[in-house]
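Listing of query.pdb, PDB, C-alpha atoms, pLDDT in the B column
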```
ATOM      1  CA  MET X  15     -10.946   2.835  27.136  1.00 93.00           C
ATOM      2  CA  ARG X  16      -7.226   3.194  26.485  1.00 97.00           C
ATOM      3  CA  ILE X  17      -5.827   1.557  23.338  1.00 98.00           C
ATOM      4  CA  PRO X  18      -2.149   1.204  22.353  1.00 98.00           C
ATOM      5  CA  ILE X  19      -1.181   2.997  19.174  1.00 98.00           C
ATOM      6  CA  TYR X  20       1.965   2.923  17.073  1.00 98.00           C
ATOM      7  CA  GLN X  21       2.760   5.142  14.120  1.00 98.00           C
ATOM      8  CA  VAL X  22       5.148   3.427  11.756  1.00 98.00           C
ATOM      9  CA  ASP X  23       6.772   4.704   8.559  1.00 98.00           C
ATOM     10  CA  ALA X  24       6.633   1.769   6.139  1.00 98.00           C
ATOM     11  CA  PHE X  25       8.839   0.931   3.151  1.00 98.00           C
ATOM     12  CA  THR X  26      11.694   3.014   4.530  1.00 98.00           C
ATOM     13  CA  SER X  27      14.478   2.710   7.088  1.00 96.00           C
ATOM     14  CA  GLU X  28      14.173   6.400   8.078  1.00 96.00           C
ATOM     15  CA  VAL X  29      11.431   8.286   9.874  1.00 98.00           C
ATOM     16  CA  PHE X  30       9.695  11.036   7.901  1.00 98.00           C
ATOM     17  CA  ARG X  31       9.940   8.945   4.718  1.00 98.00           C
ATOM     18  CA  GLY X  32       7.909   6.053   3.331  1.00 98.00           C
ATOM     19  CA  ASN X  33       4.219   5.775   4.175  1.00 98.00           C
ATOM     20  CA  PRO X  34       2.992   6.401   7.733  1.00 98.00           C
ATOM     21  CA  ALA X  35       0.420   3.983   9.140  1.00 98.00           C
ATOM     22  CA  ALA X  36      -1.227   3.801  12.540  1.00 98.00           C
ATOM     23  CA  VAL X  37      -1.393   0.381  14.191  1.00 98.00           C
ATOM     24  CA  CYS X  38      -3.817  -0.354  17.050  1.00 98.00           C
ATOM     25  CA  PRO X  39      -3.587  -3.772  18.752  1.00 98.00           C
ATOM     26  CA  LEU X  40      -6.934  -4.708  20.331  1.00 98.00           C
ATOM     27  CA  GLU X  41      -8.008  -7.268  22.932  1.00 97.00           C
ATOM     28  CA  ALA X  42     -11.433  -7.470  21.262  1.00 97.00           C
ATOM     29  CA  TRP X  43     -13.096  -5.760  18.324  1.00 98.00           C
ATOM     30  CA  LEU X  44     -14.523  -2.294  18.717  1.00 98.00           C
ATOM     31  CA  PRO X  45     -17.682  -1.274  16.864  1.00 98.00           C
ATOM     32  CA  ASP X  46     -16.952  -0.566  13.209  1.00 98.00           C
ATOM     33  CA  ALA X  47     -18.084   3.042  13.633  1.00 98.00           C
ATOM     34  CA  THR X  48     -15.548   3.543  16.444  1.00 98.00           C
ATOM     35  CA  MET X  49     -12.677   2.118  14.390  1.00 98.00           C
ATOM     36  CA  GLN X  50     -13.678   4.310  11.451  1.00 98.00           C
ATOM     37  CA  ALA X  51     -13.774   7.346  13.762  1.00 98.00           C
ATOM     38  CA  ILE X  52     -10.288   6.519  15.087  1.00 98.00           C
ATOM     39  CA  ALA X  53      -8.983   6.256  11.529  1.00 98.00           C
ATOM     40  CA  ALA X  54     -10.563   9.603  10.667  1.00 97.00           C
ATOM     41  CA  GLU X  55      -9.035  11.174  13.782  1.00 97.00           C
ATOM     42  CA  ASN X  56      -5.601   9.762  12.926  1.00 97.00           C
ATOM     43  CA  ASN X  57      -6.002  11.201   9.411  1.00 96.00           C
ATOM     44  CA  LEU X  58      -3.369   8.900   7.922  1.00 96.00           C
ATOM     45  CA  ALA X  59      -3.799   6.932   4.722  1.00 95.00           C
ATOM     46  CA  GLU X  60      -4.444   3.790   6.783  1.00 97.00           C
ATOM     47  CA  THR X  61      -5.074   2.736  10.363  1.00 98.00           C
ATOM     48  CA  ALA X  62      -4.710  -0.995  11.025  1.00 98.00           C
ATOM     49  CA  PHE X  63      -6.471  -2.875  13.827  1.00 98.00           C
ATOM     50  CA  PHE X  64      -5.710  -6.456  14.799  1.00 98.00           C
ATOM     51  CA  VAL X  65      -6.978  -8.998  17.329  1.00 98.00           C
ATOM     52  CA  ARG X  66      -5.209 -12.232  18.166  1.00 98.00           C
ATOM     53  CA  GLU X  67      -7.186 -15.359  17.269  1.00 97.00           C
ATOM     54  CA  GLY X  68      -5.166 -18.387  18.384  1.00 96.00           C
ATOM     55  CA  ASP X  69      -1.935 -18.585  16.400  1.00 96.00           C
ATOM     56  CA  ILE X  70      -2.935 -15.882  13.901  1.00 98.00           C
ATOM     57  CA  TYR X  71      -4.160 -12.300  13.969  1.00 98.00           C
ATOM     58  CA  ARG X  72      -7.306 -10.944  12.382  1.00 98.00           C
ATOM     59  CA  LEU X  73      -6.304  -7.715  10.608  1.00 98.00           C
ATOM     60  CA  ARG X  74      -8.475  -4.873   9.261  1.00 98.00           C
ATOM     61  CA  TRP X  75      -7.557  -1.627   7.519  1.00 98.00           C
ATOM     62  CA  PHE X  76      -9.354   1.732   7.484  1.00 98.00           C
ATOM     63  CA  THR X  77      -8.680   4.901   5.524  1.00 96.00           C
ATOM     64  CA  PRO X  78     -10.098   8.119   7.020  1.00 96.00           C
ATOM     65  CA  THR X  79     -13.373   7.366   5.202  1.00 95.00           C
ATOM     66  CA  VAL X  80     -13.730   3.630   4.404  1.00 95.00           C
ATOM     67  CA  GLU X  81     -12.600   0.111   5.304  1.00 97.00           C
ATOM     68  CA  VAL X  82     -10.519  -1.413   2.492  1.00 96.00           C
ATOM     69  CA  ASP X  83      -9.944  -4.959   1.248  1.00 95.00           C
ATOM     70  CA  LEU X  84      -6.148  -4.877   1.043  1.00 95.00           C
ATOM     71  CA  CYS X  85      -3.389  -2.602   2.314  1.00 96.00           C
ATOM     72  CA  GLY X  86       0.311  -3.307   2.038  1.00 97.00           C
ATOM     73  CA  HIS X  87       2.023  -0.593   4.058  1.00 98.00           C
ATOM     74  CA  ALA X  88      -0.257  -0.990   7.102  1.00 98.00           C
ATOM     75  CA  THR X  89       0.296  -4.771   6.974  1.00 98.00           C
ATOM     76  CA  LEU X  90       4.052  -4.219   6.916  1.00 98.00           C
ATOM     77  CA  ALA X  91       3.691  -1.746   9.800  1.00 98.00           C
ATOM     78  CA  SER X  92       1.560  -4.205  11.824  1.00 98.00           C
ATOM     79  CA  ALA X  93       4.124  -6.965  11.302  1.00 98.00           C
ATOM     80  CA  SER X  94       6.920  -4.641  12.445  1.00 98.00           C
ATOM     81  CA  VAL X  95       5.038  -4.059  15.719  1.00 98.00           C
ATOM     82  CA  LEU X  96       4.555  -7.800  16.288  1.00 98.00           C
ATOM     83  CA  LEU X  97       7.908  -9.078  14.995  1.00 97.00           C
ATOM     84  CA  ARG X  98      10.688  -7.473  16.985  1.00 92.00           C
ATOM     85  CA  GLN X  99      12.900 -10.517  16.245  1.00 94.00           C
ATOM     86  CA  PRO X 100      13.258 -12.737  13.151  1.00 97.00           C
ATOM     87  CA  GLY X 101      10.168 -14.857  12.598  1.00 97.00           C
ATOM     88  CA  GLU X 102       6.810 -14.982  10.836  1.00 98.00           C
ATOM     89  CA  VAL X 103       3.307 -13.724  11.590  1.00 98.00           C
ATOM     90  CA  LYS X 104       0.085 -14.676   9.811  1.00 98.00           C
ATOM     91  CA  PHE X 105      -2.896 -12.378   9.319  1.00 98.00           C
ATOM     92  CA  SER X 106      -6.459 -13.350   8.447  1.00 98.00           C
ATOM     93  CA  THR X 107      -7.931 -10.574   6.276  1.00 98.00           C
ATOM     94  CA  ARG X 108     -10.647  -9.699   3.775  1.00 96.00           C
ATOM     95  CA  SER X 109      -8.084 -10.702   1.116  1.00 95.00           C
ATOM     96  CA  GLY X 110      -7.389 -14.114   2.627  1.00 96.00           C
ATOM     97  CA  MET X 111      -4.426 -15.281   4.671  1.00 97.00           C
ATOM     98  CA  LEU X 112      -1.350 -13.032   4.486  1.00 97.00           C
ATOM     99  CA  ALA X 113       2.023 -13.985   5.941  1.00 98.00           C
ATOM    100  CA  VAL X 114       4.895 -11.654   6.787  1.00 98.00           C
ATOM    101  CA  ARG X 115       8.365 -12.788   7.761  1.00 98.00           C
ATOM    102  CA  ARG X 116      11.235 -10.801   9.255  1.00 98.00           C
ATOM    103  CA  ASP X 117      14.833 -11.768   8.528  1.00 96.00           C
ATOM    104  CA  GLY X 118      17.869 -11.193  10.719  1.00 92.00           C
ATOM    105  CA  ASP X 119      18.621  -7.896   8.979  1.00 93.00           C
ATOM    106  CA  GLY X 120      15.188  -6.429   9.759  1.00 93.00           C
ATOM    107  CA  LEU X 121      13.811  -6.802   6.221  1.00 97.00           C
ATOM    108  CA  LEU X 122      10.101  -7.641   6.227  1.00 98.00           C
ATOM    109  CA  THR X 123       8.640  -9.689   3.359  1.00 98.00           C
ATOM    110  CA  MET X 124       4.903  -9.969   2.727  1.00 98.00           C
ATOM    111  CA  ASP X 125       3.241 -12.847   0.863  1.00 97.00           C
ATOM    112  CA  PHE X 126       0.374 -11.185  -1.042  1.00 97.00           C
ATOM    113  CA  PRO X 127      -1.991 -12.207  -3.845  1.00 96.00           C
ATOM    114  CA  ALA X 128      -1.017 -11.191  -7.376  1.00 98.00           C
ATOM    115  CA  LEU X 129      -3.588  -8.875  -8.963  1.00 97.00           C
ATOM    116  CA  PRO X 130      -2.616  -8.763 -12.660  1.00 98.00           C
ATOM    117  CA  ALA X 131      -4.234  -6.105 -14.831  1.00 98.00           C
ATOM    118  CA  SER X 132      -5.771  -6.538 -18.280  1.00 98.00           C
ATOM    119  CA  PRO X 133      -5.632  -3.966 -21.105  1.00 98.00           C
ATOM    120  CA  MET X 134      -8.716  -1.762 -21.131  1.00 97.00           C
ATOM    121  CA  ASP X 135      -9.751   1.534 -22.641  1.00 96.00           C
ATOM    122  CA  ALA X 136      -9.950   4.140 -19.912  1.00 93.00           C
ATOM    123  CA  PRO X 137     -12.734   6.707 -19.541  1.00 95.00           C
ATOM    124  CA  PRO X 138     -11.833  10.289 -20.552  1.00 96.00           C
ATOM    125  CA  SER X 139     -11.708  11.317 -16.883  1.00 96.00           C
ATOM    126  CA  LEU X 140      -8.507   9.286 -16.404  1.00 98.00           C
ATOM    127  CA  ALA X 141      -6.455  11.277 -18.921  1.00 97.00           C
ATOM    128  CA  LYS X 142      -8.157  14.480 -17.766  1.00 97.00           C
ATOM    129  CA  GLY X 143      -7.322  13.680 -14.150  1.00 98.00           C
ATOM    130  CA  LEU X 144      -3.682  12.908 -14.904  1.00 98.00           C
ATOM    131  CA  GLY X 145      -3.225  15.736 -17.414  1.00 97.00           C
ATOM    132  CA  VAL X 146      -1.495  13.339 -19.834  1.00 97.00           C
ATOM    133  CA  VAL X 147      -2.563  10.568 -22.189  1.00 97.00           C
ATOM    134  CA  PRO X 148      -1.011   7.251 -21.032  1.00 98.00           C
ATOM    135  CA  ARG X 149       0.794   5.078 -23.580  1.00 96.00           C
ATOM    136  CA  GLU X 150      -1.157   2.114 -22.180  1.00 97.00           C
ATOM    137  CA  THR X 151      -4.054   1.599 -19.762  1.00 98.00           C
ATOM    138  CA  LEU X 152      -4.997  -1.567 -17.911  1.00 98.00           C
ATOM    139  CA  ARG X 153      -7.307  -2.404 -15.034  1.00 98.00           C
ATOM    140  CA  ALA X 154      -7.406  -4.805 -12.107  1.00 97.00           C
ATOM    141  CA  LYS X 155      -8.533  -3.633  -8.650  1.00 94.00           C
ATOM    142  CA  ASN X 156      -7.328  -0.207  -9.801  1.00 97.00           C
ATOM    143  CA  TRP X 157      -6.576   1.527 -13.086  1.00 98.00           C
ATOM    144  CA  LEU X 158      -2.972   1.158 -14.237  1.00 98.00           C
ATOM    145  CA  ALA X 159      -1.704   4.002 -16.438  1.00 98.00           C
ATOM    146  CA  VAL X 160       1.692   3.440 -18.066  1.00 98.00           C
ATOM    147  CA  LEU X 161       3.726   6.525 -18.997  1.00 98.00           C
ATOM    148  CA  GLU X 162       6.910   6.869 -21.041  1.00 98.00           C
ATOM    149  CA  SER X 163       9.376   8.027 -18.394  1.00 98.00           C
ATOM    150  CA  GLU X 164      10.118   8.469 -14.720  1.00 98.00           C
ATOM    151  CA  ASP X 165      10.061  12.239 -15.163  1.00 98.00           C
ATOM    152  CA  ALA X 166       6.545  12.040 -16.579  1.00 98.00           C
ATOM    153  CA  VAL X 167       5.404  10.215 -13.426  1.00 98.00           C
ATOM    154  CA  ARG X 168       7.213  12.598 -11.091  1.00 98.00           C
ATOM    155  CA  ASN X 169       5.882  15.732 -12.811  1.00 98.00           C
ATOM    156  CA  LEU X 170       2.184  14.831 -12.670  1.00 98.00           C
ATOM    157  CA  THR X 171      -0.099  17.399 -11.018  1.00 97.00           C
ATOM    158  CA  PRO X 172      -3.388  15.491 -10.905  1.00 98.00           C
ATOM    159  CA  ASP X 173      -6.909  16.870 -11.016  1.00 98.00           C
ATOM    160  CA  PHE X 174      -8.233  14.893  -8.052  1.00 98.00           C
ATOM    161  CA  ALA X 175     -11.862  15.805  -8.723  1.00 97.00           C
ATOM    162  CA  SER X 176     -11.649  14.064 -12.101  1.00 97.00           C
ATOM    163  CA  LEU X 177      -9.839  11.031 -10.669  1.00 97.00           C
ATOM    164  CA  ALA X 178     -12.455  10.739  -7.912  1.00 97.00           C
ATOM    165  CA  THR X 179     -15.089  10.011 -10.582  1.00 96.00           C
ATOM    166  CA  LEU X 180     -13.288   6.717 -11.299  1.00 96.00           C
ATOM    167  CA  HIS X 181     -14.687   5.269  -8.042  1.00 91.00           C
ATOM    168  CA  PRO X 182     -14.529   2.430  -7.012  1.00 92.00           C
ATOM    169  CA  PHE X 183     -11.079   2.369  -8.626  1.00 95.00           C
ATOM    170  CA  GLY X 184      -7.891   4.154  -7.657  1.00 96.00           C
ATOM    171  CA  THR X 185      -5.238   5.064 -10.203  1.00 98.00           C
ATOM    172  CA  ILE X 186      -1.719   3.623 -10.353  1.00 98.00           C
ATOM    173  CA  VAL X 187       0.714   5.488 -12.610  1.00 98.00           C
ATOM    174  CA  THR X 188       4.003   3.845 -13.570  1.00 98.00           C
ATOM    175  CA  ALA X 189       7.016   4.069 -15.888  1.00 98.00           C
ATOM    176  CA  PRO X 190      10.502   2.567 -16.217  1.00 98.00           C
ATOM    177  CA  GLY X 191      12.911   3.828 -13.556  1.00 98.00           C
ATOM    178  CA  ARG X 192      16.371   5.263 -13.961  1.00 97.00           C
ATOM    179  CA  GLU X 193      17.918   3.717 -10.807  1.00 98.00           C
ATOM    180  CA  VAL X 194      15.315   1.003 -10.218  1.00 98.00           C
ATOM    181  CA  ASP X 195      13.293  -1.279 -12.479  1.00 98.00           C
ATOM    182  CA  PHE X 196      10.150   0.842 -12.272  1.00 98.00           C
ATOM    183  CA  VAL X 197       8.632   3.809 -10.481  1.00 98.00           C
ATOM    184  CA  SER X 198       5.042   4.571  -9.562  1.00 98.00           C
ATOM    185  CA  ARG X 199       2.556   6.857  -7.851  1.00 98.00           C
ATOM    186  CA  PHE X 200      -0.938   6.104  -6.557  1.00 98.00           C
ATOM    187  CA  PHE X 201      -4.007   8.333  -6.394  1.00 98.00           C
ATOM    188  CA  GLY X 202      -7.169   7.377  -4.491  1.00 96.00           C
ATOM    189  CA  PRO X 203      -9.246  10.516  -3.898  1.00 95.00           C
ATOM    190  CA  SER X 204     -12.530   8.585  -3.785  1.00 91.00           C
ATOM    191  CA  PHE X 205     -11.140   6.635  -0.783  1.00 91.00           C
ATOM    192  CA  GLY X 206     -10.139   9.776   1.094  1.00 89.00           C
ATOM    193  CA  ILE X 207      -6.502   9.494  -0.059  1.00 92.00           C
ATOM    194  CA  PRO X 208      -5.638  12.064  -2.768  1.00 96.00           C
ATOM    195  CA  GLU X 209      -2.121  10.611  -3.076  1.00 97.00           C
ATOM    196  CA  ASP X 210      -0.913   7.591  -1.150  1.00 96.00           C
ATOM    197  CA  GLN X 211       2.765   7.872  -0.320  1.00 96.00           C
ATOM    198  CA  VAL X 212       3.783   4.208  -0.770  1.00 97.00           C
ATOM    199  CA  THR X 213       1.176   1.653  -1.796  1.00 96.00           C
ATOM    200  CA  GLY X 214       2.007  -1.983  -1.168  1.00 96.00           C
ATOM    201  CA  SER X 215      -1.238  -3.289  -2.656  1.00 96.00           C
ATOM    202  CA  ALA X 216      -0.584  -1.433  -5.930  1.00 97.00           C
ATOM    203  CA  HIS X 217       2.554  -3.540  -6.313  1.00 98.00           C
ATOM    204  CA  CYS X 218       0.358  -6.663  -6.456  1.00 98.00           C
ATOM    205  CA  THR X 219      -0.546  -5.316  -9.905  1.00 98.00           C
ATOM    206  CA  LEU X 220       2.736  -3.596 -10.768  1.00 98.00           C
ATOM    207  CA  THR X 221       4.859  -6.685 -10.067  1.00 98.00           C
ATOM    208  CA  PRO X 222       3.275  -9.034 -12.644  1.00 98.00           C
ATOM    209  CA  TYR X 223       3.098  -6.214 -15.208  1.00 98.00           C
ATOM    210  CA  TRP X 224       6.783  -5.306 -14.967  1.00 98.00           C
ATOM    211  CA  ALA X 225       7.924  -8.920 -14.539  1.00 98.00           C
ATOM    212  CA  ALA X 226       6.313  -9.737 -17.894  1.00 98.00           C
ATOM    213  CA  ARG X 227       7.508  -6.556 -19.582  1.00 98.00           C
ATOM    214  CA  LEU X 228      11.117  -6.799 -18.364  1.00 98.00           C
ATOM    215  CA  GLY X 229      11.392 -10.589 -18.408  1.00 98.00           C
ATOM    216  CA  LYS X 230      12.596 -10.870 -14.808  1.00 97.00           C
ATOM    217  CA  LYS X 231      11.011 -12.183 -11.629  1.00 98.00           C
ATOM    218  CA  LYS X 232      12.738 -10.022  -9.008  1.00 98.00           C
ATOM    219  CA  LEU X 233      12.415  -6.251  -9.299  1.00 98.00           C
ATOM    220  CA  ARG X 234      13.445  -3.110  -7.461  1.00 98.00           C
ATOM    221  CA  ALA X 235      10.727  -0.495  -7.202  1.00 98.00           C
ATOM    222  CA  ARG X 236      10.441   3.074  -5.986  1.00 98.00           C
ATOM    223  CA  GLN X 237       7.235   4.998  -5.322  1.00 98.00           C
ATOM    224  CA  VAL X 238       8.186   8.562  -6.191  1.00 98.00           C
ATOM    225  CA  SER X 239       5.771  10.423  -3.950  1.00 97.00           C
ATOM    226  CA  LYS X 240       6.966  13.327  -1.836  1.00 96.00           C
ATOM    227  CA  ARG X 241       8.111  10.952   0.943  1.00 97.00           C
ATOM    228  CA  VAL X 242       9.480   8.210  -1.389  1.00 98.00           C
ATOM    229  CA  GLY X 243       9.386   4.494  -0.632  1.00 98.00           C
ATOM    230  CA  GLU X 244      11.572   1.561  -1.628  1.00 98.00           C
ATOM    231  CA  LEU X 245      10.358  -1.982  -2.323  1.00 98.00           C
ATOM    232  CA  ILE X 246      11.768  -5.280  -3.518  1.00 98.00           C
ATOM    233  CA  CYS X 247       9.140  -7.195  -5.504  1.00 98.00           C
ATOM    234  CA  GLU X 248       9.141 -10.796  -6.658  1.00 98.00           C
ATOM    235  CA  ASP X 249       6.682 -12.380  -9.097  1.00 98.00           C
ATOM    236  CA  LYS X 250       5.648 -15.836  -7.865  1.00 98.00           C
ATOM    237  CA  GLY X 251       2.798 -16.534 -10.246  1.00 97.00           C
ATOM    238  CA  GLU X 252      -0.454 -16.323  -8.277  1.00 97.00           C
ATOM    239  CA  ARG X 253       1.378 -14.607  -5.396  1.00 98.00           C
ATOM    240  CA  VAL X 254       3.874 -11.768  -5.052  1.00 98.00           C
ATOM    241  CA  ALA X 255       6.535 -11.195  -2.399  1.00 98.00           C
ATOM    242  CA  LEU X 256       6.847  -7.547  -1.368  1.00 98.00           C
ATOM    243  CA  SER X 257       9.767  -6.600   0.868  1.00 98.00           C
ATOM    244  CA  GLY X 258      10.638  -3.420   2.727  1.00 98.00           C
ATOM    245  CA  ARG X 259      11.694  -1.903   6.023  1.00 98.00           C
ATOM    246  CA  CYS X 260       9.886   0.064   8.716  1.00 98.00           C
ATOM    247  CA  ALA X 261      10.827   2.896  11.065  1.00 98.00           C
ATOM    248  CA  LEU X 262       8.905   3.411  14.321  1.00 98.00           C
ATOM    249  CA  TYR X 263       7.952   7.045  14.759  1.00 98.00           C
ATOM    250  CA  LEU X 264       5.501   7.061  17.702  1.00 97.00           C
ATOM    251  CA  GLU X 265       4.299   4.776  20.484  1.00 98.00           C
ATOM    252  CA  GLY X 266       1.530   5.746  22.896  1.00 98.00           C
ATOM    253  CA  THR X 267      -2.118   5.298  23.842  1.00 98.00           C
ATOM    254  CA  ILE X 268      -5.410   6.748  22.707  1.00 97.00           C
ATOM    255  CA  SER X 269      -8.561   7.226  24.795  1.00 96.00           C
ATOM    256  CA  VAL X 270     -12.012   6.513  23.399  1.00 93.00           C
TER     257      VAL X 270
END
```
Take the structure from the file and write it as C-alpha cells.
Amino acid sequence: MRIPIYQVDAFTSEVFRGNPAAVCPLEAWLPDATMQAIAAENNLAETAFFVREGDIYRLRWFTPTVEVDLCGHATLASASVLLRQPGEVKFSTRSGMLAVRRDGDGLLTMDFPALPASPMDAPPSLAKGLGVVPRETLRAKNWLAVLESEDAVRNLTPDFASLATLHPFGTIVTAPGREVDFVSRFFGPSFGIPEDQVTGSAHCTLTPYWAARLGKKKLRARQVSKRVGELICEDKGERVALSGRCALYLEGTISV
C-alpha cells in the first residue's frame, strides 16, 4: 500500500524552523498498530492521520510511542495540507471538534479548547528534572512551571529521566518574554518526546494563564526551543485561538 506523506514545519514561515510534523491523508483507517509503526518510523514528535467523513475530517495524532488526545502543530500542519486557499476545515478528534481557518495572507488560526491550570504543589522530581525551583507551579493536562525570566527558560538543561517520572504529565516551562508577551519550552520524555520544538496544545494552558496575568486577551508567544516557533494566541474564555504559519518541507509517498 502506498500512502501520501507530507512533512510540514509548523508555527514558522521558514523550513528548518518551527516544529516538523508528518501528515498522512488516508482513504480508510489503517490498523492502530500500523499507524503507530509509521509514526515510530517517521521519528518526529507527531504524525497526523486523517480520513474524510462527509464535510469534516477525522484526525488522529501519534508520537513515536503513543496516540495523544490533542496536538496543535500537527493540526496546523494537516490544515495547511488541506487548505491551499483561504477557507476553513473542521476536524473531529479525541478532543472534540476543532476548526482551522486560513486567511488570504496564509495565516492559519486554530479554534482549540482552553485548558486552564490550577496552582498545585509539584513533586520533587519536577524541580530536580528542571534543575531550578519554579516561582510558581500549576497543573492542567500538563505541569506548568513559571520561571522568573526568559534567560532562565532558555538556559534549562533538563534531567529527562526525572521528568519522565511525572507521567502521565508533560512539563511546560514559561516566563515573561523580552520581545514577546511570554516564552516557553515543553518537555514530554514519557511520551517519547524529550523536548517538543513548538507545542500548540501547551498554549491552551499558557494562553489563559498569561491573559490573566498580563490583563490582555491577545498575546504574542515564542517557544524558545532550538528551532524556535512563533504563535499569536487569543483568550476566548472556554476556547483559545492559536495562529501561526507553516512551511512545506517534503511531499512523497510511503509503502507499507
| said: Taking 4 positions as the minimum chain separation for residues in the same chain, which residues sit within 7 Å of Ala54 in chain X when counting all atoms listed in the file? Answer as a PyMOL selection string. | reply: chain X and resi 50+78-79
| field | Ground truth for the PyMOL selection byres ((chain X and resi 221) around 8), written as a list in words | value | Ala128, His217, Cys218, Thr219, Leu220, Pro222, Tyr223, Trp224, Ala225, Leu233, Cys247, Glu248, Asp249 and Val254 of chain X
| request: Between X:Ala216, X:Val103, X:Val146, X:Ala88, single out the one closest to Ala131 in chain X, counting all atoms listed in the file. | output: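 Of X:Ala216, X:Val103, X:Val146, X:Ala88, the one nearest Ala131 in chain X is X:Ala216, counting all atoms listed in the file.
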| task | Could you list the residues chosen by the PyMOL selection byres ((chain X and resi 97) around 12) in this structure as a VMD selection string? | result | chain X and resid 89 to 96 98 to 104 113 to 118 120 to 123 260
Store the residues picked out above in a file with C-alpha atoms, as a compact mmCIF listing (two decimals), in the frame of the given file.
```txt
# COMPACT_ATOMS: atom_id res chain seq x y z
CA THR X 89 0.30 -4.77 6.97
CA LEU X 90 4.05 -4.22 6.92
CA ALA X 91 3.69 -1.75 9.80
CA SER X 92 1.56 -4.20 11.82
CA ALA X 93 4.12 -6.96 11.30
CA SER X 94 6.92 -4.64 12.44
CA VAL X 95 5.04 -4.06 15.72
CA LEU X 96 4.56 -7.80 16.29
CA ARG X 98 10.69 -7.47 16.98
CA GLN X 99 12.90 -10.52 16.24
CA PRO X 100 13.26 -12.74 13.15
CA GLY X 101 10.17 -14.86 12.60
CA GLU X 102 6.81 -14.98 10.84
CA VAL X 103 3.31 -13.72 11.59
CA LYS X 104 0.08 -14.68 9.81
CA ALA X 113 2.02 -13.98 5.94
CA VAL X 114 4.89 -11.65 6.79
CA ARG X 115 8.36 -12.79 7.76
CA ARG X 116 11.24 -10.80 9.26
CA ASP X 117 14.83 -11.77 8.53
CA GLY X 118 17.87 -11.19 10.72
CA GLY X 120 15.19 -6.43 9.76
CA LEU X 121 13.81 -6.80 6.22
CA LEU X 122 10.10 -7.64 6.23
CA THR X 123 8.64 -9.69 3.36
CA CYS X 260 9.89 0.06 8.72
```
| said: Using the chain letters and numbers from this file, what does the PyMOL selection byres ((chain X and resi 175) around 10) select? Give the answer as a PyMOL selection string. | reply: chain X and resi 139+142-143+172-174+176-180+203-204+208
| query | From the set X:Ser163, X:Ser132, X:Thr107, X:Thr171, which residue has the shortest atom-to-atom contact distance to Ser198 in chain X, counting all atoms listed in the file? | reply |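 With all atoms listed in the file as the atom set, the closest residue is X:Ser163.
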| field | Among the residues X:Thr188, X:Thr77, X:Ser27, X:Thr267, the one that comes closest to Leu152 in chain X [using only C-alpha atoms] | value |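 Once distances to Leu152 in chain X are computed over only C-alpha atoms, the minimum belongs to X:Thr188.
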| field | Within 12 Å of Glu55 in chain X using all atoms listed in the file, minus same-chain residues under 2 positions, as a PyMOL selection string | value | chain X and resi 36+48-53+57-61+76-79+268-270
| Minimum-distance residue to Asn56 in chain X, chosen among X:Leu170, X:Glu162, X:Pro34, X:Met124 (using only C-alpha atoms) | X:Pro34
| field | Separation of CA of Gly243 in chain X from CA of Ala24 in chain X in Å | value |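 Going from CA of Ala24 in chain X over to CA of Gly243 in chain X, I get 7.8 Å.
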| message | Residues within 10 Å of Met111 in chain X, please, as number ranges by chain. Count only C-alpha atoms; anything in the same chain fewer than 2 positions from it doesn't count. | response | X: 70-73, 104-109, 113, 125-127
Kindly provide the residues of range 121-218 of chain X that approach range 234-241 of chain X to within 9 Å, each paired with its closest atom pair and their distance in Å to one decimal, based on all atoms listed in the file, listed by chain and increasing number, as a tab-separated table.
```
residue	atom	partner	partner_atom	distance
X:Glu164	CA	X:Val238	CA	8.7
X:Val167	CA	X:Val238	CA	7.9
X:Arg168	CA	X:Val238	CA	6.4
X:Thr188	CA	X:Gln237	CA	8.9
X:Gly191	CA	X:Ala235	CA	8.0
X:Glu193	CA	X:Arg234	CA	8.8
X:Val194	CA	X:Arg234	CA	5.3
X:Asp195	CA	X:Arg234	CA	5.3
X:Phe196	CA	X:Ala235	CA	5.3
X:Val197	CA	X:Arg236	CA	4.9
X:Ser198	CA	X:Gln237	CA	4.8
X:Arg199	CA	X:Gln237	CA	5.6
X:Phe200	CA	X:Gln237	CA	8.3
X:Glu209	CA	X:Ser239	CA	7.9
X:Asp210	CA	X:Ser239	CA	7.8
X:Gln211	CA	X:Ser239	CA	5.4
X:Val212	CA	X:Gln237	CA	5.8
X:Thr213	CA	X:Gln237	CA	7.8
X:His217	CA	X:Ala235	CA	8.8
```
Please reconstruct the missing atoms of range 15-22 of chain X (target: N, CA and C atoms) and return them as a short mmCIF file (atom, residue, chain, number, x, y, z; two decimals), in the frame of the given file.
```
data_model
loop_
_atom_site.label_atom_id
_atom_site.label_comp_id
_atom_site.auth_asym_id
_atom_site.auth_seq_id
_atom_site.Cartn_x
_atom_site.Cartn_y
_atom_site.Cartn_z
N MET X 15 -11.80 3.94 27.57
CA MET X 15 -10.95 2.84 27.14
C MET X 15 -9.65 3.38 26.56
N ARG X 16 -8.54 2.78 26.98
CA ARG X 16 -7.23 3.19 26.48
C ARG X 16 -6.69 2.09 25.56
N ILE X 17 -6.26 2.49 24.38
CA ILE X 17 -5.83 1.56 23.34
C ILE X 17 -4.41 1.90 22.92
N PRO X 18 -3.51 0.91 22.84
CA PRO X 18 -2.15 1.20 22.35
C PRO X 18 -2.19 1.67 20.90
N ILE X 19 -1.30 2.55 20.56
CA ILE X 19 -1.18 3.00 19.17
C ILE X 19 0.28 3.16 18.81
N TYR X 20 0.63 2.75 17.63
CA TYR X 20 1.96 2.92 17.07
C TYR X 20 1.80 3.64 15.74
N GLN X 21 2.70 4.56 15.46
CA GLN X 21 2.76 5.14 14.12
C GLN X 21 4.08 4.74 13.50
N VAL X 22 3.99 4.06 12.38
CA VAL X 22 5.15 3.43 11.76
C VAL X 22 5.28 3.94 10.33
#
```
